[in-house]
Structures are given as structure tokens and as C-alpha cells.
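Colleague: Sharing a structure here in C-alpha cells format.
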Amino acid sequence: MKLKGEKREGSEGGEGAKGKMTFSLALVALISAFGSSFQYGYNVSVINSPAPYMQDFYNRTYLDRTGVPMDSGFQTLLWSLTVSMFPLGGLFGSLMVWPLVNNCGRKGTLLINNLFSIAAAILMGTSELAKTFEVIILSRVIMGIFAGLASNVVPMFLGEMSPKNLRGAIGVVPQLFITIGILAAQILGLSSILGNAEGWPVLLGLTGIPSLVQLLTLPFFPESPRYLLIQKGNEEQARRALQRLRGWEDVDDEIEEMYQEDRSEKEEGQFSVLSLCTFKGLRWQLISIVVMMMGQQLSGVNGVFYYADRIFESAGVDSSSIQYVTVSIGAINVVMTMLAVFIVESLGRRILLLAGFVLCSASCAVLTLALNLQSTVSWMSYLSIACVIVYIIGHAIGPSPIPSVMITEMFLQSSRPAAFMVGGSVHWLSNFTVGLVFLYMEAGLGPYSFLIFCAICLATMLYIFFIVPETKNKTFMEINRIMAKRNKVEI
């Protein structure tokens, strides 16, 4: 690690020498990912384990109020609202990204966002005492807004702070914390811990703790240097922030690169979502993030997680042990995402995306076959377990973490907030669609629904192969020049 005041070796004039992972940079990445991304993952899976106890609470509350038991149709409606309000809130949160990050900064937005999470945690934690299930549904919307903002702002914040040779690795950290959040919710949701009749309000309320940690620690770290220089015009603050993050005094190269970016964008001004969608110079970047975000969600990752329990059950796993198998799948997800952090800078973004989508499409195809033959061929159930594991490995190394890294890299400062708003909206809309449609797909098509996911994975892979460039180790300006050729515009 370099110490403050030390001079960099081999300054490359304009491009900036290779940055090192400093203590400040590592700490700000961990705090923002733990305070924000972790909770996104936690809330994705937190209501799976205690579902029967929560539904029982809905029933009891309704009975106390009206004196008649809840109709099963109404109960199904309430529960599907409880589940689907989270991605709907995520969509609302994504729509708030552009105005908030431009007016309050990246760090400022993350700090404001904590208030949503803390409010939702208090409401969910006290819902049983207050004897109200409506509050849980409302809290899921609020928590979704938090997650929608977090899932877009954290990658943007960290991407703008990182030196170009560490941008991919640091950009995968938010996704790593999402998987850790999912795993934490699975472990705490075990029936022997908090996934029981007494523990579920505590399980839901715990989500406020990471936000409290972030609220108390993040103010001591710098704002994004690119935001300070390009949007606020404050070179002195940007320089101080960079010196602290890089651990050396001489940051002239990076300041110069930011000025180059600023000059090339001056004519265009700040992009709104509408101007981004109609601007010819960013056409292929925009199409690429829409395809990657749709591919990430519509590739069936939520369907596979949803199906996992039944696949294990049909493979003869004892029903009381299924929750432990689910936890081990969550652990595989964490380990493979951690691997992506270490290999994304050596292998590059494209390879991980292509390999990930190939593994996902192959495992969906084989899974369709295995599920169909399960009743006739005894060992097919073990093949389906293997397919679920291969699918999760494939998704964890590429489709899950890389698209948000690519949004940071393919857009410059003026268009990046609008691009994250578009990418985030597509992400949450697709997530909401899968949650809504999957049950009907499964009822109508059975195991063949995985063939649809297989086709989506293949189509996304082909698009990436032909259109998306490698962005590893390139400055934002270099990536912009590569895309300008594809858009047939002059910079």
C-alpha cells in the first residue's frame, strides 16, 4: 500500500498511472456496500423463511378485526403484494436516481437514502406489536425505494472513485455484498434462529442496523472527485479527495483526464433521460445497458432460486434439511461473486459476461431435460441439483455483477446519472415482471419455462459478443472513443 505524500512511479501523462488499493478506498467501498447493497440482498430473501408465520399473523389480525377468518384468495393477494411491492418500490427508487445524485451528490444521496431504510426497519419491527399487516406492505415499498437507489448509486459512487485498473474489481463489490445480504437473511431466517413465530419481526427489523453504521461513518469519507470537479467545478476539493483516496500527493494526471472529459461534454450539458434516449452519440451504449439489464433479470435467476427448494425436495432431500441446502446455495453465490472480484481485472468484463451467460443457458437447457425425466430416471434429480449449482455459478461470475460496472464505464459524467436511471428502471421492471409472470409460466409450461430463460441467455450472449467492447483498464474517454466509432459520430 502507498502512503500519503509518496510520489507515483511511471506517471504516464494524461492517462494516470496504475492506482493502488489504499486503506481509504477499501474502507469507503466496504462502508457504502455494507450500508446499502447488503440490505438490498437481505430484503430480497428475508421474507422467504418466515412466510408461514407472517401469513398466520395476517390471518390472526384480520380475524381479530372482523371476527371472520380471512378468505384464502384475499390472503394470496396480500402475500403477493408483500412480495411484489419490493421490486415496485425499486422502480420508484430508480426514478429518483437522476435528480438526487445531480443535486445532492453521490455520497449525499447514500446518506439521505439511509432514512428510508431506518424508517422501514422500525415499521416492520413493530408491526406485530401494532397488530397491523398493512404496515409491512408499506415498508416493503419503502425498502424497495431504498434498494432502487442503492443498487444504482453505490456502483456509480465507487466507479467514479476507483483508478481505472481497479474499477472492475471495486465495481463488483456491491454485488458481492448483495449476495452476502441474501446469505445473511437465509442464515438468520433458519427456524432455529429467527425464522419462527416469535423471531420474524426482529428478522425484518434488523435491516436498519447497516444503515445506521453507514449514516455514522460515511460522512468522514470524501465525495466522488469527478462529481466535485466536473459538476461542482471545485478543483481544490476534488484534488483533496483524490489525494486521500490514492494515498499520494501528485494527482495531476487524473485531474487533467477529468478536465478532458469535462471539455468534451461541455457542448452537450447535463443529460436528462429524454435527451439520453434521443442522442445519437450514445445510442449503442444505451441499447447495450438495456439489453444487459434485461438479460440479467429475465435470464431466470429468481425463477431458479424459487424452483430450488422443489428441485431439492424431488431429489429426495428431507424437507427439514432443505433450508440448509438453500443456505449452501447462497454460500456458493457469495464465493463465486468473490471470485469475480479477483478475476474481473485480469480476464476482463466481456469474457465474464459471455462465460456467465453460456453457463446459464446450458444449465437451463439441461435442467429442462432433467426435470422432465426425473420421474423415470432415478439419477436425473441429482443432475437437476448440479444444473442449479452451475446456473448460480454462471450468474454470479458475469450477469449479476458486471452490467452495473459497464454502465459506470460506458457513460461519461454528464450522462451517467440518466444512464443509471434507465438501467435501474429496466432492472426493477424486469425483476417485477419475472416475479409476476413466473408462477403462471410454471403452471402453464412446467419445466419447459426454463427453455424461455435459456433462449434469453443465448440472445443476450450473442448481443454482447457482437456489440459490447472490452472496457478493462481503459479511461472513460478511451471507452467513449471506441463507442463513438460504433455510433458513427465524431468526438
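Residues are named by chain letter and number: chains run A, B, ... in the order of the C-alpha cells, numbers start at 1 in each chain, and ligands are numbered from 1 in the order shown.
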A:Ser378: which residues within 12 Å, counting only C-alpha atoms, same-chain residues fewer than 5 positions away excluded, as a list in words?
Modeller: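 Here the qualifying residues turn out to be Ser314, Ala315, Gly316, Ala370, Leu371, Asn372, Leu373, Leu383 and Ser384 of chain A.
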Colleague: Could you write out the selected residues, including N, CA, C and O atoms, as a PDB file, in the first residue's frame?
Modeller:
ATOM      1  N   SER A 314     -37.614 -32.958  -4.694  1.00  0.00           N
ATOM      2  CA  SER A 314     -37.832 -34.091  -5.606  1.00  0.00           C
ATOM      3  C   SER A 314     -36.585 -34.972  -5.714  1.00  0.00           C
ATOM      4  O   SER A 314     -36.657 -36.123  -6.127  1.00  0.00           O
ATOM      5  N   ALA A 315     -35.418 -34.399  -5.337  1.00  0.00           N
ATOM      6  CA  ALA A 315     -34.190 -35.206  -5.358  1.00  0.00           C
ATOM      7  C   ALA A 315     -34.057 -36.035  -4.076  1.00  0.00           C
ATOM      8  O   ALA A 315     -33.052 -36.716  -3.870  1.00  0.00           O
ATOM      9  N   GLY A 316     -35.081 -35.926  -3.223  1.00  0.00           N
ATOM     10  CA  GLY A 316     -35.073 -36.767  -2.020  1.00  0.00           C
ATOM     11  C   GLY A 316     -34.447 -36.108  -0.814  1.00  0.00           C
ATOM     12  O   GLY A 316     -34.199 -36.763   0.201  1.00  0.00           O
ATOM     13  N   ALA A 370     -33.655 -32.666 -17.425  1.00  0.00           N
ATOM     14  CA  ALA A 370     -33.568 -33.409 -16.163  1.00  0.00           C
ATOM     15  C   ALA A 370     -34.895 -33.409 -15.419  1.00  0.00           C
ATOM     16  O   ALA A 370     -35.324 -34.432 -14.881  1.00  0.00           O
ATOM     17  N   LEU A 371     -35.584 -32.253 -15.408  1.00  0.00           N
ATOM     18  CA  LEU A 371     -36.864 -32.173 -14.688  1.00  0.00           C
ATOM     19  C   LEU A 371     -37.931 -33.040 -15.359  1.00  0.00           C
ATOM     20  O   LEU A 371     -38.784 -33.620 -14.698  1.00  0.00           O
ATOM     21  N   ASN A 372     -37.857 -33.128 -16.699  1.00  0.00           N
ATOM     22  CA  ASN A 372     -38.831 -33.943 -17.435  1.00  0.00           C
ATOM     23  C   ASN A 372     -38.617 -35.435 -17.215  1.00  0.00           C
ATOM     24  O   ASN A 372     -39.570 -36.210 -17.218  1.00  0.00           O
ATOM     25  N   LEU A 373     -37.339 -35.828 -17.058  1.00  0.00           N
ATOM     26  CA  LEU A 373     -37.037 -37.258 -16.936  1.00  0.00           C
ATOM     27  C   LEU A 373     -36.914 -37.722 -15.489  1.00  0.00           C
ATOM     28  O   LEU A 373     -36.617 -38.883 -15.222  1.00  0.00           O
ATOM     29  N   LEU A 383     -28.840 -34.620 -11.293  1.00  0.00           N
ATOM     30  CA  LEU A 383     -28.417 -33.762 -12.414  1.00  0.00           C
ATOM     31  C   LEU A 383     -29.090 -32.389 -12.294  1.00  0.00           C
ATOM     32  O   LEU A 383     -28.462 -31.360 -12.552  1.00  0.00           O
ATOM     33  N   SER A 384     -30.379 -32.399 -11.869  1.00  0.00           N
ATOM     34  CA  SER A 384     -31.045 -31.093 -11.724  1.00  0.00           C
ATOM     35  C   SER A 384     -30.407 -30.257 -10.617  1.00  0.00           C
ATOM     36  O   SER A 384     -30.276 -29.044 -10.748  1.00  0.00           O
TER      37      SER A 384
END
Colleague: Give the helix (DSSP H, G or I) residues of stretch 309-473 of chain A, as assigned by DSSP on the backbone, as a count of residues only.
Modeller: 136
Colleague: Here is a test: counting only C-alpha atoms, which residue of A:Thr76, A:Ser49, A:Thr207, A:Ser139 is nearest to A:Ser37?
Modeller: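 Looking only at the distances to A:Ser37, the closest residue turns out to be A:Thr207.
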Colleague: Just want the 8 Å neighbourhood of A:Asn333, counted on only C-alpha atoms, with same-chain residues fewer than 5 positions away dropped. Output as a list in words.
Modeller: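 My list of contacting residues is Thr179, Ile392, Ile393 and Ala396 of chain A.
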Colleague: Filtering to all heavy atoms, could you give me those residues as a PDB file, in the first residue's frame?
Modeller:
ATOM      1  N   THR A 179     -25.015 -10.494  -2.448  1.00  0.00           N
ATOM      2  CA  THR A 179     -25.055 -11.949  -2.203  1.00  0.00           C
ATOM      3  C   THR A 179     -24.828 -12.268  -0.720  1.00  0.00           C
ATOM      4  O   THR A 179     -25.425 -13.187  -0.184  1.00  0.00           O
ATOM      5  CB  THR A 179     -24.009 -12.704  -3.062  1.00  0.00           C
ATOM      6  OG1 THR A 179     -22.700 -12.257  -2.716  1.00  0.00           O
ATOM      7  CG2 THR A 179     -24.227 -12.491  -4.545  1.00  0.00           C
ATOM      8  N   ILE A 392     -26.098 -20.991 -10.908  1.00  0.00           N
ATOM      9  CA  ILE A 392     -25.779 -19.944  -9.926  1.00  0.00           C
ATOM     10  C   ILE A 392     -24.316 -19.501 -10.053  1.00  0.00           C
ATOM     11  O   ILE A 392     -24.008 -18.316  -9.957  1.00  0.00           O
ATOM     12  CB  ILE A 392     -26.145 -20.426  -8.508  1.00  0.00           C
ATOM     13  CG1 ILE A 392     -27.670 -20.296  -8.359  1.00  0.00           C
ATOM     14  CG2 ILE A 392     -25.441 -19.630  -7.423  1.00  0.00           C
ATOM     15  CD1 ILE A 392     -28.296 -21.119  -7.314  1.00  0.00           C
ATOM     16  N   ILE A 393     -23.425 -20.445 -10.338  1.00  0.00           N
ATOM     17  CA  ILE A 393     -22.011 -20.097 -10.577  1.00  0.00           C
ATOM     18  C   ILE A 393     -21.915 -19.172 -11.800  1.00  0.00           C
ATOM     19  O   ILE A 393     -21.257 -18.133 -11.760  1.00  0.00           O
ATOM     20  CB  ILE A 393     -21.160 -21.379 -10.779  1.00  0.00           C
ATOM     21  CG1 ILE A 393     -21.018 -22.121  -9.444  1.00  0.00           C
ATOM     22  CG2 ILE A 393     -19.785 -21.049 -11.370  1.00  0.00           C
ATOM     23  CD1 ILE A 393     -20.367 -23.500  -9.552  1.00  0.00           C
ATOM     24  N   ALA A 396     -23.302 -15.703 -11.072  1.00  0.00           N
ATOM     25  CA  ALA A 396     -22.515 -14.947 -10.084  1.00  0.00           C
ATOM     26  C   ALA A 396     -21.223 -14.380 -10.657  1.00  0.00           C
ATOM     27  O   ALA A 396     -20.733 -13.357 -10.190  1.00  0.00           O
ATOM     28  CB  ALA A 396     -22.204 -15.835  -8.883  1.00  0.00           C
TER      29      ALA A 396
END
Colleague: How far is it from atom CA of A:Asp250 to atom CA of A:Ala33, in Å with one decimal?
Modeller: 28.1 Å
Colleague: Looking at only C-alpha atoms, which of A:Leu77, A:Met161, A:Leu183, A:Ala29 is the one that sits closest to A:Tyr42?
Modeller: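 Smallest distance to A:Tyr42 is found for A:Leu183.
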Colleague: Could you give me, as an mmCIF file with C-alpha atoms, in the first residue's frame, the residues within 12 Å of A:Tyr62, counting only C-alpha atoms and dropping anything in the same chain fewer than 5 positions from it?
Modeller:
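Saved as selection_20.cif:
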data_model
loop_
_atom_site.group_PDB
_atom_site.id
_atom_site.type_symbol
_atom_site.label_atom_id
_atom_site.label_comp_id
_atom_site.auth_asym_id
_atom_site.auth_seq_id
_atom_site.Cartn_x
_atom_site.Cartn_y
_atom_site.Cartn_z
ATOM 1 C CA GLN A 55 -49.265 -15.275 6.807
ATOM 2 C CA ASP A 56 -50.544 -16.642 10.107
ATOM 3 C CA PHE A 57 -50.126 -13.144 11.626
ATOM 4 C CA GLY A 67 -64.445 -11.643 13.601
ATOM 5 C CA VAL A 68 -64.329 -13.762 10.421
ATOM 6 C CA PRO A 69 -61.334 -15.746 9.057
ATOM 7 C CA MET A 70 -59.525 -14.371 6.012
ATOM 8 C CA ASP A 71 -60.623 -15.696 2.644
ATOM 9 C CA PHE A 74 -57.549 -12.440 -0.182
ATOM 10 C CA GLN A 75 -54.632 -13.977 1.707
ATOM 11 C CA LEU A 78 -51.966 -9.836 0.383
ATOM 12 C CA LYS A 131 -51.226 -5.532 15.089
ATOM 13 C CA THR A 132 -51.124 -4.196 11.526
ATOM 14 C CA PHE A 133 -50.072 -6.077 8.397
ATOM 15 C CA GLU A 134 -50.652 -3.044 6.124
#
Colleague: Could you check how far atom CA of A:Ser425 sits from atom CA of A:Leu206, in Å to one decimal?
Modeller: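 Answer for the atom CA of A:Ser425 to atom CA of A:Leu206 separation: 26.9 Å.
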Colleague: Quick one: of A:Lys18, A:Pro403, A:Tyr463, A:Tyr448, who's nearest to A:Leu166, counting only C-alpha atoms?
Modeller: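 Under the stated criterion, the closest residue is A:Lys18.
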Colleague: If we count only C-alpha atoms, what is near A:Met143 at a cut-off of 12 Å, once residues fewer than 6 positions away on the same chain are taken out, given as a PyMOL selection string?
Modeller: chain A and resi 36-37+39-44+46+82-93+113-124+135-137+149-151+204-205+207-208+211
Colleague: Could you work out how far atom CA of A:Ala340 lies from atom CA of A:Leu176, giving the answer in Å with one decimal?
Modeller: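 Separation of atom CA of A:Leu176 and atom CA of A:Ala340: 8.8 Å.
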Colleague: At a cut-off of 9 Å, using only C-alpha atoms, what residues contact A:Glu223? Leave out same-chain residues fewer than 4 positions from it and give the result as a list in words.
Modeller: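 Once the adjacent positions are removed, what remains is Gly105, Arg106, Lys107, Gly108, Phe157, Met161, Pro219, Tyr227, Leu228, Gln237, Ala238 and Ala241 of chain A.
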Colleague: Residues as selected, N, CA, C and O atoms, written as a short mmCIF file (atom, residue, chain, number, x, y, z; two decimals), in the first residue's frame, can you do that?
Modeller:
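The resulting selection05.cif:
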data_model
loop_
_atom_site.label_atom_id
_atom_site.label_comp_id
_atom_site.auth_asym_id
_atom_site.auth_seq_id
_atom_site.Cartn_x
_atom_site.Cartn_y
_atom_site.Cartn_z
N GLY A 105 -25.30 15.00 -4.77
CA GLY A 105 -24.04 14.27 -4.88
C GLY A 105 -24.26 12.78 -4.63
O GLY A 105 -25.34 12.36 -4.24
N ARG A 106 -23.21 12.00 -4.88
CA ARG A 106 -23.33 10.54 -4.72
C ARG A 106 -23.37 10.16 -3.24
O ARG A 106 -24.22 9.41 -2.80
N LYS A 107 -22.43 10.73 -2.49
CA LYS A 107 -22.37 10.42 -1.05
C LYS A 107 -23.61 10.96 -0.35
O LYS A 107 -24.21 10.28 0.49
N GLY A 108 -24.01 12.19 -0.71
CA GLY A 108 -25.20 12.81 -0.11
C GLY A 108 -26.44 11.97 -0.32
O GLY A 108 -27.26 11.79 0.60
N PHE A 157 -20.98 5.65 -7.47
CA PHE A 157 -20.10 6.28 -6.49
C PHE A 157 -18.72 5.61 -6.49
O PHE A 157 -17.68 6.27 -6.62
N MET A 161 -14.84 6.75 -8.08
CA MET A 161 -13.72 6.94 -7.14
C MET A 161 -12.51 6.07 -7.48
O MET A 161 -11.42 6.35 -7.03
N PRO A 219 -20.02 10.01 6.43
CA PRO A 219 -19.68 11.44 6.37
C PRO A 219 -18.19 11.75 6.50
O PRO A 219 -17.74 12.82 6.09
N TYR A 227 -17.52 14.11 -9.39
CA TYR A 227 -18.69 14.96 -9.13
C TYR A 227 -18.23 16.34 -8.67
O TYR A 227 -18.75 17.37 -9.12
N LEU A 228 -17.24 16.37 -7.76
CA LEU A 228 -16.76 17.64 -7.21
C LEU A 228 -16.16 18.53 -8.31
O LEU A 228 -16.40 19.73 -8.34
N GLN A 237 -11.36 20.83 -3.80
CA GLN A 237 -11.97 19.71 -3.07
C GLN A 237 -11.74 18.38 -3.80
O GLN A 237 -11.47 17.36 -3.17
N ALA A 238 -11.84 18.42 -5.13
CA ALA A 238 -11.63 17.20 -5.93
C ALA A 238 -10.20 16.70 -5.74
O ALA A 238 -9.96 15.49 -5.59
N ALA A 241 -9.82 15.15 -2.30
CA ALA A 241 -10.49 13.83 -2.26
C ALA A 241 -9.63 12.78 -2.96
O ALA A 241 -9.44 11.68 -2.45
#
Colleague: Looking at A:Val489, A:Met483, A:Tyr58, A:Gly444, which one is nearest to A:Ser72, with distances taken over only C-alpha atoms?
Modeller: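 Nearest to A:Ser72: A:Tyr58.
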Colleague: So which one's closest to A:Val468, A:Ala455, A:Tyr324, A:Met292, A:Val358? Using only C-alpha atoms, please.
Modeller: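 Using only C-alpha atoms, the shortest distance to A:Val468 belongs to A:Met292.
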Colleague: I'd like to know which of A:Trp79, A:Phe23, A:Phe271, A:Trp200 is closest to A:Met421, using only C-alpha atoms.
Modeller: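 Closest candidate: A:Phe271.
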Colleague: Within 12 Å of A:Pro225, counting only C-alpha atoms, which residues qualify if same-chain residues fewer than 3 places away don't, as a PyMOL selection string?
Modeller: chain A and resi 105-107+156-163+221-222+228-246+251+254-255+257-259+413
